[in-house]
Amino acid sequence: MLNGFQRYLVFFIFSQASLAFSQDLKVLADAFTHDPKLSNAKFSFLAIDLTTGDTILSVNPNQPLVTASTTKLFSTAMAMEVLGLDYRFETKIFQAGSRKDTVIVGDLWVQGGGDVSFGSRYFNAEGREFDGIKEWVDTLLGLGIKCIKGNVYIDGSSFGYEGAPKGWSAWDAGNYYGAVPAGINVFDNVTKYFFSTGKPGAKAKLLSMVPPQNSLVFTNKIVSAKVSQDHSNLQGLPYDWRRTGTGKLPAYQSSYMVRGSVPDPEKNVADLFSGYIKEKGIELSGEVIPFRTAKVNPPDYDNLKILYSVAGRSVKEIIEWTNLKSVNFFAEGLLKGVAFKLTGKGTHENGIQVYRQYLSQRIDTSGLVLYDGSGLSRMNRISASHMFELLRYINGSSFAQDFKQTLPVAGKTGTIRDLCVGQIGEGRVYAKSGTMTGIKSYAGYIDAVSGKKIAFSLVASDYSCSQSVVKTYMESIFNGLAGL
């Protein structure tokens, strides 16, 4: 037990250290924003003590900027509160025809409920991503079904067919990180391109794609080069079967893998299901058909017999990966998933409307512009004040602790595991990061040495210097805040 003098001494030491860090923060922030290497940059900083409400750091806090992946804090918070931690999206198989012994006379319908975790690489081991579709076939066989005299329809209409959100380009949407979630998905709607490369300057050769995209028209401009990692880009838009590959891949590779988005998620699932049906020996008189291109009306599912239902991973599990690894596909799926639950139609348009309504009831949304749930859109505009208000709302909510646990920890986990390593901020900063060309942002919470609980948002945009310069400045600010 400390005596009175000892308590005073501890208080004095902490207060002097806090004062020093506060003064250092002001000097550092001024040096940051006036660095000649950042002369064209825009900034929006805010850090506030959640207990006292005192502002610790403030630089243009109301300036809306493109913040990249810190946008995911908005969509994941909404999903956690509206859907709940245990909510799971479902995929169902229905019988539309009659049953005669081992034969279905009529069609089967596979109805997707927007499960982004189905076959995801975050939940399935390498090589096991398509086991879920195989399980559909095994279930039919287990029910004694050996013949389907009709078609099988793959229905992903629950999330609509709008394509990429506003502000996404073909340069993003053709890559794995730009895959768009549909009402039915598998393996993050990604296909693996395998290339062989030769001497530097030689054109890379496309060997295969897994899963195959047989309708794809691929224009290959990728060349072999003296590089040690993937410097290629796959360009294309959802529901467009044209893709263009540009950039460079390491030379002299017999098989080098690059991940890209599938053009049509329904057709991707349909092709896989069709292949497994043939492989397992179920006779199908018709075809496995994506609903988007089928010339039929959707059935009344309430009047059909359900043969099989599988629930995906929980919202809590999906959010953990969304924030830890900054998974765009999951963030967009959660946005659409909330709309699906609340309106019955998980289109992107409905998602944005629900999104804006949710936020307007919890924070001041003046100047806030949101076109997606992941931050990939360069048309989003978010200020440090917007982000702080969200963080303050979360901190006072019933899901505060669960949400904080989804955030990467500086020097420890996720996208900020290389931040503040061996420094005072290590293990004390819980934050989502955001990075795009010319953009660096962080937002989250800091447990300071003194016991202060701080919510913060740092955004730097439109700079032309290296990311490392900006990151070093921000890292110093984190250490300063953690030392308070």
# chains A, B, ... in the order shown; residues from 1 in each chain; ligands from 1
$ closest_atom_pairs --of "range 248-362 of chain A" --to "range 92-102 of chain A" --cutoff "10 Å" --atoms "only C-alpha atoms" --output "CSV"
residue,atom,partner,partner_atom,distance
A:Pro299,CA,A:Ala96,CA,8.1
A:Asp300,CA,A:Ala96,CA,9.4
A:Tyr301,CA,A:Phe94,CA,7.5
A:Asp302,CA,A:Phe94,CA,9.8
A:Asn303,CA,A:Ala96,CA,8.7
A:Leu304,CA,A:Ala96,CA,5.7
A:Lys305,CA,A:Gln95,CA,5.3
A:Ile306,CA,A:Phe94,CA,4.4
A:Leu307,CA,A:Phe94,CA,5.5
A:Tyr308,CA,A:Ile93,CA,5.1
A:Ser309,CA,A:Lys92,CA,4.3
A:Val310,CA,A:Lys92,CA,6.5
A:Ala311,CA,A:Lys92,CA,8.8
$ residues_around --residues "range 176-191 of chain A" --least-positions-apart "5" --cutoff "7 Å" --atoms "only C-alpha atoms" --output "PDB file with N, CA and C atoms, in the first residue's frame"
ATOM      1  N   GLY A 112     -29.028 -18.401 -52.304  1.00  0.00           N
ATOM      2  CA  GLY A 112     -27.966 -17.817 -51.490  1.00  0.00           C
ATOM      3  C   GLY A 112     -28.499 -16.713 -50.601  1.00  0.00           C
ATOM      4  N   GLY A 113     -28.048 -16.702 -49.362  1.00  0.00           N
ATOM      5  CA  GLY A 113     -28.451 -15.660 -48.421  1.00  0.00           C
ATOM      6  C   GLY A 113     -27.339 -14.672 -48.118  1.00  0.00           C
ATOM      7  N   GLY A 114     -26.323 -14.638 -49.005  1.00  0.00           N
ATOM      8  CA  GLY A 114     -25.263 -13.642 -48.834  1.00  0.00           C
ATOM      9  C   GLY A 114     -24.126 -14.061 -47.929  1.00  0.00           C
ATOM     10  N   ASP A 115     -23.915 -15.337 -47.770  1.00  0.00           N
ATOM     11  CA  ASP A 115     -22.849 -15.813 -46.881  1.00  0.00           C
ATOM     12  C   ASP A 115     -21.476 -15.589 -47.510  1.00  0.00           C
ATOM     13  N   VAL A 116     -20.741 -14.610 -47.004  1.00  0.00           N
ATOM     14  CA  VAL A 116     -19.402 -14.325 -47.541  1.00  0.00           C
ATOM     15  C   VAL A 116     -18.345 -15.266 -46.970  1.00  0.00           C
ATOM     16  N   PHE A 118     -18.607 -18.576 -46.901  1.00  0.00           N
ATOM     17  CA  PHE A 118     -18.684 -19.887 -47.545  1.00  0.00           C
ATOM     18  C   PHE A 118     -17.454 -20.132 -48.421  1.00  0.00           C
ATOM     19  N   GLY A 119     -16.668 -21.120 -48.069  1.00  0.00           N
ATOM     20  CA  GLY A 119     -15.470 -21.441 -48.828  1.00  0.00           C
ATOM     21  C   GLY A 119     -14.356 -20.418 -48.715  1.00  0.00           C
ATOM     22  N   SER A 120     -14.503 -19.462 -47.804  1.00  0.00           N
ATOM     23  CA  SER A 120     -13.502 -18.400 -47.696  1.00  0.00           C
ATOM     24  C   SER A 120     -12.150 -18.948 -47.257  1.00  0.00           C
ATOM     25  N   ARG A 121     -11.083 -18.377 -47.785  1.00  0.00           N
ATOM     26  CA  ARG A 121      -9.743 -18.803 -47.390  1.00  0.00           C
ATOM     27  C   ARG A 121      -9.446 -18.474 -45.935  1.00  0.00           C
ATOM     28  N   GLU A 129     -11.410 -25.242 -50.028  1.00  0.00           N
ATOM     29  CA  GLU A 129     -12.323 -24.101 -50.204  1.00  0.00           C
ATOM     30  C   GLU A 129     -13.656 -24.490 -50.839  1.00  0.00           C
ATOM     31  N   GLY A 156     -28.477 -16.042 -56.647  1.00  0.00           N
ATOM     32  CA  GLY A 156     -27.786 -15.096 -55.776  1.00  0.00           C
ATOM     33  C   GLY A 156     -28.408 -13.723 -55.812  1.00  0.00           C
ATOM     34  N   SER A 157     -29.676 -13.648 -56.151  1.00  0.00           N
ATOM     35  CA  SER A 157     -30.341 -12.351 -56.335  1.00  0.00           C
ATOM     36  C   SER A 157     -30.574 -11.593 -55.033  1.00  0.00           C
ATOM     37  N   SER A 158     -30.376 -12.246 -53.890  1.00  0.00           N
ATOM     38  CA  SER A 158     -30.643 -11.577 -52.614  1.00  0.00           C
ATOM     39  C   SER A 158     -29.789 -10.329 -52.412  1.00  0.00           C
ATOM     40  N   PHE A 159     -28.625 -10.262 -53.075  1.00  0.00           N
ATOM     41  CA  PHE A 159     -27.763  -9.082 -52.982  1.00  0.00           C
ATOM     42  C   PHE A 159     -27.773  -8.245 -54.258  1.00  0.00           C
ATOM     43  N   GLY A 163     -23.018  -4.684 -59.388  1.00  0.00           N
ATOM     44  CA  GLY A 163     -21.605  -4.568 -59.732  1.00  0.00           C
ATOM     45  C   GLY A 163     -20.824  -3.822 -58.662  1.00  0.00           C
ATOM     46  N   ALA A 164     -19.774  -3.124 -59.085  1.00  0.00           N
ATOM     47  CA  ALA A 164     -18.877  -2.458 -58.137  1.00  0.00           C
ATOM     48  C   ALA A 164     -19.495  -1.171 -57.596  1.00  0.00           C
ATOM     49  N   MET A 209      -6.459 -21.422 -64.607  1.00  0.00           N
ATOM     50  CA  MET A 209      -7.177 -20.663 -63.586  1.00  0.00           C
ATOM     51  C   MET A 209      -7.932 -21.657 -62.707  1.00  0.00           C
ATOM     52  N   VAL A 210      -7.909 -21.423 -61.398  1.00  0.00           N
ATOM     53  CA  VAL A 210      -8.602 -22.297 -60.445  1.00  0.00           C
ATOM     54  C   VAL A 210      -9.431 -21.441 -59.486  1.00  0.00           C
ATOM     55  N   PRO A 211     -10.775 -21.608 -59.517  1.00  0.00           N
ATOM     56  CA  PRO A 211     -11.529 -22.444 -60.449  1.00  0.00           C
ATOM     57  C   PRO A 211     -11.534 -21.853 -61.855  1.00  0.00           C
ATOM     58  N   ARG A 259      -3.918 -13.775 -57.647  1.00  0.00           N
ATOM     59  CA  ARG A 259      -5.350 -13.903 -57.349  1.00  0.00           C
ATOM     60  C   ARG A 259      -6.144 -12.748 -57.962  1.00  0.00           C
ATOM     61  N   GLY A 260      -7.256 -13.099 -58.609  1.00  0.00           N
ATOM     62  CA  GLY A 260      -8.143 -12.087 -59.182  1.00  0.00           C
ATOM     63  C   GLY A 260      -9.592 -12.391 -58.852  1.00  0.00           C
ATOM     64  N   SER A 261     -10.471 -11.427 -59.071  1.00  0.00           N
ATOM     65  CA  SER A 261     -11.896 -11.614 -58.795  1.00  0.00           C
ATOM     66  C   SER A 261     -12.561 -12.401 -59.916  1.00  0.00           C
ATOM     67  N   VAL A 262     -13.609 -13.167 -59.577  1.00  0.00           N
ATOM     68  CA  VAL A 262     -14.379 -13.860 -60.615  1.00  0.00           C
ATOM     69  C   VAL A 262     -15.373 -12.866 -61.216  1.00  0.00           C
ATOM     70  N   PRO A 265     -20.175 -14.293 -59.869  1.00  0.00           N
ATOM     71  CA  PRO A 265     -20.200 -15.246 -58.749  1.00  0.00           C
ATOM     72  C   PRO A 265     -21.209 -16.373 -58.923  1.00  0.00           C
ATOM     73  N   GLU A 266     -22.398 -16.080 -59.451  1.00  0.00           N
ATOM     74  CA  GLU A 266     -23.402 -17.130 -59.662  1.00  0.00           C
ATOM     75  C   GLU A 266     -22.905 -18.182 -60.640  1.00  0.00           C
ATOM     76  N   VAL A 269     -20.238 -20.461 -59.106  1.00  0.00           N
ATOM     77  CA  VAL A 269     -20.814 -21.514 -58.266  1.00  0.00           C
ATOM     78  C   VAL A 269     -21.518 -22.559 -59.127  1.00  0.00           C
ATOM     79  N   ASN A 328     -11.855  -6.409 -47.688  1.00  0.00           N
ATOM     80  CA  ASN A 328     -12.883  -5.624 -48.374  1.00  0.00           C
ATOM     81  C   ASN A 328     -14.133  -6.443 -48.660  1.00  0.00           C
ATOM     82  N   PHE A 329     -13.927  -7.676 -49.105  1.00  0.00           N
ATOM     83  CA  PHE A 329     -15.028  -8.557 -49.475  1.00  0.00           C
ATOM     84  C   PHE A 329     -15.993  -8.755 -48.304  1.00  0.00           C
ATOM     85  N   GLU A 332     -17.960  -5.348 -47.468  1.00  0.00           N
ATOM     86  CA  GLU A 332     -19.069  -5.093 -48.390  1.00  0.00           C
ATOM     87  C   GLU A 332     -20.200  -6.092 -48.169  1.00  0.00           C
ATOM     88  N   GLY A 333     -19.844  -7.332 -47.850  1.00  0.00           N
ATOM     89  CA  GLY A 333     -20.870  -8.338 -47.570  1.00  0.00           C
ATOM     90  C   GLY A 333     -21.662  -8.016 -46.332  1.00  0.00           C
TER      91      GLY A 333
END
$ closest_residue --among "A:Val429, A:Gly84, A:Gly144, A:Lys316" --to "Val103 in chain A" --atoms "only C-alpha atoms"
A:Gly144
$ residues_around --residues "Gly245 in chain A" --least-positions-apart "3" --cutoff "6 Å" --atoms "only C-alpha atoms" --output "list of chain:residue names"
A:Asn220, A:Lys221, A:Ile222, A:Asn233, A:Leu234
$ select_by_dssp --residues "range 165-383 of chain A" --states "strand (DSSP E or B)" --output "JSON, numbers by chain"
{"A": [175, 190, 191, 192, 193, 194, 195, 196, 203, 205, 206, 207, 208, 209, 210, 217, 218, 219, 220, 223, 224, 225, 231, 232, 233, 234, 235, 242, 243, 244, 245, 246, 247, 248, 249, 250, 256, 257, 258, 259, 260, 261, 283, 284, 288, 289, 290, 305, 306, 307, 308, 309, 310, 311, 312, 313, 314, 369, 381, 382]}
$ write_last_selection --atoms "C-alpha atoms" --output "JSON list (two decimals), in the first residue's frame"
[["chain", "number", "residue", "atom", "x", "y", "z"],
["A", 175, "ASN", "CA", -8.10, -7.97, -58.36],
["A", 190, "VAL", "CA", -11.63, -15.27, -56.20],
["A", 191, "THR", "CA", -9.94, -17.29, -58.93],
["A", 192, "LYS", "CA", -6.25, -18.13, -58.99],
["A", 193, "TYR", "CA", -4.32, -17.30, -62.16],
["A", 194, "PHE", "CA", -1.19, -19.43, -62.68],
["A", 195, "PHE", "CA", 1.57, -18.02, -64.89],
["A", 196, "SER", "CA", 4.93, -19.29, -66.08],
["A", 203, "LYS", "CA", 5.83, -12.17, -71.77],
["A", 205, "LYS", "CA", 2.25, -17.21, -70.05],
["A", 206, "LEU", "CA", -1.14, -17.92, -68.49],
["A", 207, "LEU", "CA", -1.21, -21.63, -67.64],
["A", 208, "SER", "CA", -4.55, -22.12, -65.91],
["A", 209, "MET", "CA", -7.18, -20.66, -63.59],
["A", 210, "VAL", "CA", -8.60, -22.30, -60.45],
["A", 217, "VAL", "CA", -11.49, -13.23, -72.47],
["A", 218, "PHE", "CA", -8.05, -12.42, -71.07],
["A", 219, "THR", "CA", -5.71, -9.85, -72.60],
["A", 220, "ASN", "CA", -2.28, -10.63, -71.21],
["A", 223, "VAL", "CA", 5.93, -9.51, -68.44],
["A", 224, "SER", "CA", 8.71, -11.31, -66.60],
["A", 225, "ALA", "CA", 11.06, -9.02, -64.69],
["A", 231, "HIS", "CA", 3.86, -6.38, -59.38],
["A", 232, "SER", "CA", 0.97, -7.29, -61.67],
["A", 233, "ASN", "CA", -2.54, -5.88, -61.88],
["A", 234, "LEU", "CA", -5.73, -7.57, -63.11],
["A", 235, "GLN", "CA", -8.30, -5.17, -64.49],
["A", 242, "ARG", "CA", -13.11, -9.19, -70.20],
["A", 243, "ARG", "CA", -9.97, -9.02, -68.08],
["A", 244, "THR", "CA", -6.62, -7.39, -68.78],
["A", 245, "GLY", "CA", -3.38, -8.27, -67.00],
["A", 246, "THR", "CA", -0.57, -5.72, -66.81],
["A", 247, "GLY", "CA", 2.63, -5.24, -64.82],
["A", 248, "LYS", "CA", 5.46, -7.57, -63.84],
["A", 249, "LEU", "CA", 6.04, -10.96, -62.23],
["A", 250, "PRO", "CA", 9.30, -12.54, -61.01],
["A", 256, "TYR", "CA", 3.45, -18.25, -60.21],
["A", 257, "MET", "CA", 0.02, -17.59, -58.70],
["A", 258, "VAL", "CA", -1.90, -14.30, -58.86],
["A", 259, "ARG", "CA", -5.35, -13.90, -57.35],
["A", 260, "GLY", "CA", -8.14, -12.09, -59.18],
["A", 261, "SER", "CA", -11.90, -11.61, -58.80],
["A", 283, "GLU", "CA", -27.90, -37.71, -63.52],
["A", 284, "LEU", "CA", -29.07, -34.25, -64.55],
["A", 288, "VAL", "CA", -26.97, -25.85, -63.67],
["A", 289, "ILE", "CA", -27.98, -22.28, -64.52],
["A", 290, "PRO", "CA", -27.11, -18.92, -62.93],
["A", 305, "LYS", "CA", -39.68, -28.13, -49.93],
["A", 306, "ILE", "CA", -36.30, -27.43, -48.37],
["A", 307, "LEU", "CA", -33.77, -30.21, -48.81],
["A", 308, "TYR", "CA", -30.73, -28.65, -47.21],
["A", 309, "SER", "CA", -29.66, -25.57, -45.29],
["A", 310, "VAL", "CA", -26.19, -24.54, -44.18],
["A", 311, "ALA", "CA", -25.35, -21.54, -42.00],
["A", 312, "GLY", "CA", -22.13, -19.61, -42.46],
["A", 313, "ARG", "CA", -19.74, -18.28, -39.85],
["A", 314, "SER", "CA", -21.02, -15.86, -37.24],
["A", 369, "VAL", "CA", -19.86, 10.95, -47.73],
["A", 381, "ARG", "CA", -15.12, 11.60, -47.48],
["A", 382, "ILE", "CA", -14.60, 11.16, -43.73]]
$ closest_residue --among "A:Phe478, A:Tyr276, A:Tyr355, A:Phe74" --to "Leu140 in chain A" --atoms "only C-alpha atoms"
A:Tyr276
$ atom_distance --atom1 "CA of Lys345 in chain A" --atom2 "CA of Ala331 in chain A"
17.1 Å
$ residues_around --residues "range 30-35 of chain A" --least-positions-apart "2" --cutoff "10 Å" --atoms "only C-alpha atoms" --output "PDB file with N, CA and C atoms, in the first residue's frame"
ATOM      1  N   ASP A  24       5.334  17.505 -26.613  1.00  0.00           N
ATOM      2  CA  ASP A  24       5.982  16.844 -27.746  1.00  0.00           C
ATOM      3  C   ASP A  24       4.987  16.588 -28.872  1.00  0.00           C
ATOM      4  N   LEU A  25       3.743  16.223 -28.532  1.00  0.00           N
ATOM      5  CA  LEU A  25       2.730  15.959 -29.548  1.00  0.00           C
ATOM      6  C   LEU A  25       2.437  17.195 -30.384  1.00  0.00           C
ATOM      7  N   LYS A  26       2.355  18.339 -29.731  1.00  0.00           N
ATOM      8  CA  LYS A  26       2.082  19.578 -30.456  1.00  0.00           C
ATOM      9  C   LYS A  26       3.231  19.915 -31.400  1.00  0.00           C
ATOM     10  N   VAL A  27       4.448  19.741 -30.901  1.00  0.00           N
ATOM     11  CA  VAL A  27       5.616  20.002 -31.735  1.00  0.00           C
ATOM     12  C   VAL A  27       5.676  19.016 -32.899  1.00  0.00           C
ATOM     13  N   LEU A  28       5.426  17.748 -32.608  1.00  0.00           N
ATOM     14  CA  LEU A  28       5.477  16.713 -33.628  1.00  0.00           C
ATOM     15  C   LEU A  28       4.411  16.916 -34.694  1.00  0.00           C
ATOM     16  N   LYS A  37       8.296  17.782 -47.452  1.00  0.00           N
ATOM     17  CA  LYS A  37       7.995  16.591 -48.250  1.00  0.00           C
ATOM     18  C   LYS A  37       6.499  16.326 -48.323  1.00  0.00           C
ATOM     19  N   LEU A  38       5.726  16.989 -47.460  1.00  0.00           N
ATOM     20  CA  LEU A  38       4.273  16.809 -47.414  1.00  0.00           C
ATOM     21  C   LEU A  38       3.552  18.110 -47.748  1.00  0.00           C
ATOM     22  N   SER A  39       4.181  18.919 -48.564  1.00  0.00           N
ATOM     23  CA  SER A  39       3.648  20.266 -48.827  1.00  0.00           C
ATOM     24  C   SER A  39       2.285  20.249 -49.501  1.00  0.00           C
ATOM     25  N   ASN A  40       1.972  19.200 -50.246  1.00  0.00           N
ATOM     26  CA  ASN A  40       0.673  19.143 -50.930  1.00  0.00           C
ATOM     27  C   ASN A  40      -0.367  18.332 -50.171  1.00  0.00           C
ATOM     28  N   ALA A  41       0.020  17.822 -49.021  1.00  0.00           N
ATOM     29  CA  ALA A  41      -0.867  16.916 -48.289  1.00  0.00           C
ATOM     30  C   ALA A  41      -1.966  17.651 -47.535  1.00  0.00           C
ATOM     31  N   LYS A  42      -3.035  16.895 -47.254  1.00  0.00           N
ATOM     32  CA  LYS A  42      -4.129  17.366 -46.412  1.00  0.00           C
ATOM     33  C   LYS A  42      -4.162  16.495 -45.158  1.00  0.00           C
ATOM     34  N   PHE A  43      -4.558  17.080 -44.034  1.00  0.00           N
ATOM     35  CA  PHE A  43      -4.527  16.365 -42.764  1.00  0.00           C
ATOM     36  C   PHE A  43      -5.828  16.568 -41.991  1.00  0.00           C
ATOM     37  N   SER A  44      -6.188  15.533 -41.249  1.00  0.00           N
ATOM     38  CA  SER A  44      -7.289  15.643 -40.296  1.00  0.00           C
ATOM     39  C   SER A  44      -6.951  14.744 -39.112  1.00  0.00           C
ATOM     40  N   VAL A  59      -6.021  18.762 -35.398  1.00  0.00           N
ATOM     41  CA  VAL A  59      -5.544  19.429 -36.606  1.00  0.00           C
ATOM     42  C   VAL A  59      -6.602  19.237 -37.684  1.00  0.00           C
ATOM     43  N   ALA A 460      -3.870  11.354 -43.328  1.00  0.00           N
ATOM     44  CA  ALA A 460      -3.045  12.166 -44.224  1.00  0.00           C
ATOM     45  C   ALA A 460      -3.387  11.748 -45.645  1.00  0.00           C
ATOM     46  N   VAL A 469       7.504   7.741 -44.698  1.00  0.00           N
ATOM     47  CA  VAL A 469       7.653   9.053 -44.053  1.00  0.00           C
ATOM     48  C   VAL A 469       6.420   9.358 -43.207  1.00  0.00           C
ATOM     49  N   VAL A 470       5.256   9.144 -43.789  1.00  0.00           N
ATOM     50  CA  VAL A 470       3.994   9.410 -43.086  1.00  0.00           C
ATOM     51  C   VAL A 470       3.814   8.450 -41.915  1.00  0.00           C
ATOM     52  N   THR A 472       6.088   6.937 -40.149  1.00  0.00           N
ATOM     53  CA  THR A 472       7.008   7.253 -39.057  1.00  0.00           C
ATOM     54  C   THR A 472       6.480   8.395 -38.199  1.00  0.00           C
ATOM     55  N   TYR A 473       5.949   9.421 -38.841  1.00  0.00           N
ATOM     56  CA  TYR A 473       5.343  10.529 -38.097  1.00  0.00           C
ATOM     57  C   TYR A 473       4.173  10.037 -37.239  1.00  0.00           C
ATOM     58  N   MET A 474       3.291   9.250 -37.856  1.00  0.00           N
ATOM     59  CA  MET A 474       2.109   8.773 -37.140  1.00  0.00           C
ATOM     60  C   MET A 474       2.500   7.839 -35.990  1.00  0.00           C
ATOM     61  N   ILE A 477       3.403   9.882 -33.082  1.00  0.00           N
ATOM     62  CA  ILE A 477       2.209  10.415 -32.420  1.00  0.00           C
ATOM     63  C   ILE A 477       1.569   9.353 -31.531  1.00  0.00           C
TER      64      ILE A 477
END
$ residues_around --residues "Ser169 in chain A" --least-positions-apart "4" --cutoff "10 Å" --atoms "only C-alpha atoms" --output "NGL selection string"
:A and (164-165 or 173-174 or 178 or 235-237 or 376-378)
$ write_last_selection --atoms "C-alpha atoms" --output "PDB file, in the first residue's frame"
ATOM      1  CA  ALA A 164     -18.877  -2.458 -58.137  1.00  0.00           C
ATOM      2  CA  PRO A 165     -19.711   0.424 -55.770  1.00  0.00           C
ATOM      3  CA  ALA A 173     -12.369  -4.622 -59.189  1.00  0.00           C
ATOM      4  CA  GLY A 174     -10.391  -7.111 -61.263  1.00  0.00           C
ATOM      5  CA  GLY A 178     -11.899  -5.842 -55.380  1.00  0.00           C
ATOM      6  CA  GLN A 235      -8.297  -5.167 -64.488  1.00  0.00           C
ATOM      7  CA  GLY A 236     -11.990  -5.779 -65.085  1.00  0.00           C
ATOM      8  CA  LEU A 237     -15.469  -5.107 -63.749  1.00  0.00           C
ATOM      9  CA  LEU A 376     -11.949   1.155 -51.531  1.00  0.00           C
ATOM     10  CA  SER A 377     -14.017   3.974 -53.041  1.00  0.00           C
ATOM     11  CA  ARG A 378     -12.022   7.151 -53.575  1.00  0.00           C
TER      12      ARG A 378
END
$ closest_residue --among "A:Glu426, A:Asp264, A:Asp49, A:Asp271" --to "Ile133 in chain A" --atoms "only C-alpha atoms"
A:Asp271
